[in-house]
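Take a look at the structure set out below.
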Amino acid sequence: MQSAAFPRPPGNRLEQILSPSHSLCKEDVIWVLEYVKKKVAEQDPRLLDLPQPRLLKNFQNYADAATMLLQRRPSCVNEAERLRASLMEATYGLWQAPEPAPGKASNSD
């Protein structure tokens, strides 16, 4: 089976990292911050479609997550959840699958 030879797709890794059942570690937070930085540098079309107020919210949460990472490791559940929430907001538009229109089935390839 060749799947072990290939890294997980970024969407799957984001989904795992942002899952409430996943214990965040420093490497996860850094990976998400690097992923967002890369998508911004590439001018990902999904970001270009977001309105300016949403982009500002993404940036604010990106900065919050980076600041939390610098200050200390999440030592309690509330801090870890706040960090996870900031990461989720920072990645808004980059990994969430668009909701299918009412009455239409999603077309996954």
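Numbering starts fresh at 1 for the residues of each chain in the structure tokens, the chains themselves are lettered A, B, ... in the order given, and ligands are numbered from 1 as they appear.
If you count only C-alpha atoms and ignore residues fewer than 6 places along the chain from Pro51 (chain A), what sits within 12 Å of it is Lys57, Asn58, Tyr92 and Gly93 of chain A.
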Write the residues of the selection above to a file with N, CA and C atoms, as a PDB file, in the first residue's frame.
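And here's part.pdb as it stands now:
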ATOM      1  N   LYS A  57     -10.258  39.370  10.562  1.00  0.00           N
ATOM      2  CA  LYS A  57     -10.510  38.436  11.666  1.00  0.00           C
ATOM      3  C   LYS A  57      -9.539  37.253  11.585  1.00  0.00           C
ATOM      4  N   ASN A  58      -9.290  36.760  10.369  1.00  0.00           N
ATOM      5  CA  ASN A  58      -8.300  35.687  10.194  1.00  0.00           C
ATOM      6  C   ASN A  58      -6.943  36.139  10.726  1.00  0.00           C
ATOM      7  N   TYR A  92      -9.907  30.021   8.606  1.00  0.00           N
ATOM      8  CA  TYR A  92     -11.235  30.125   8.011  1.00  0.00           C
ATOM      9  C   TYR A  92     -11.107  30.371   6.509  1.00  0.00           C
ATOM     10  N   GLY A  93     -11.841  29.593   5.747  1.00  0.00           N
ATOM     11  CA  GLY A  93     -11.826  29.736   4.300  1.00  0.00           C
ATOM     12  C   GLY A  93     -10.785  28.888   3.604  1.00  0.00           C
TER      13      GLY A  93
END
May I ask for the distance between CA of Gln43 (chain A) and CA of Leu56 (chain A), given in Å to one decimal place? 15.2 Å
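Taking only C-alpha atoms into account, Ala65 (chain A) lies nearest to A:Glu89 out of the set A:Glu27, A:Glu15, A:Glu42, A:Glu89.
With only C-alpha atoms taken into account, the protein and nucleic acid residues at most 12 Å from Asp44 (chain A) (excluding it and anything under 3 positions from it in its own chain) are A:Tyr35, A:Val36, A:Lys37, A:Lys38, A:Lys39, A:Val40, A:Ala41, A:Leu47, A:Leu48, A:Asp49, A:Leu50, A:Thr91, A:Gly93, A:Leu94, A:Trp95.
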Using only C-alpha atoms, the residue out of A:Ala80, A:Ala90, A:Leu55, A:Ala63 with shortest distance to Pro20 (chain A) is A:Ala80
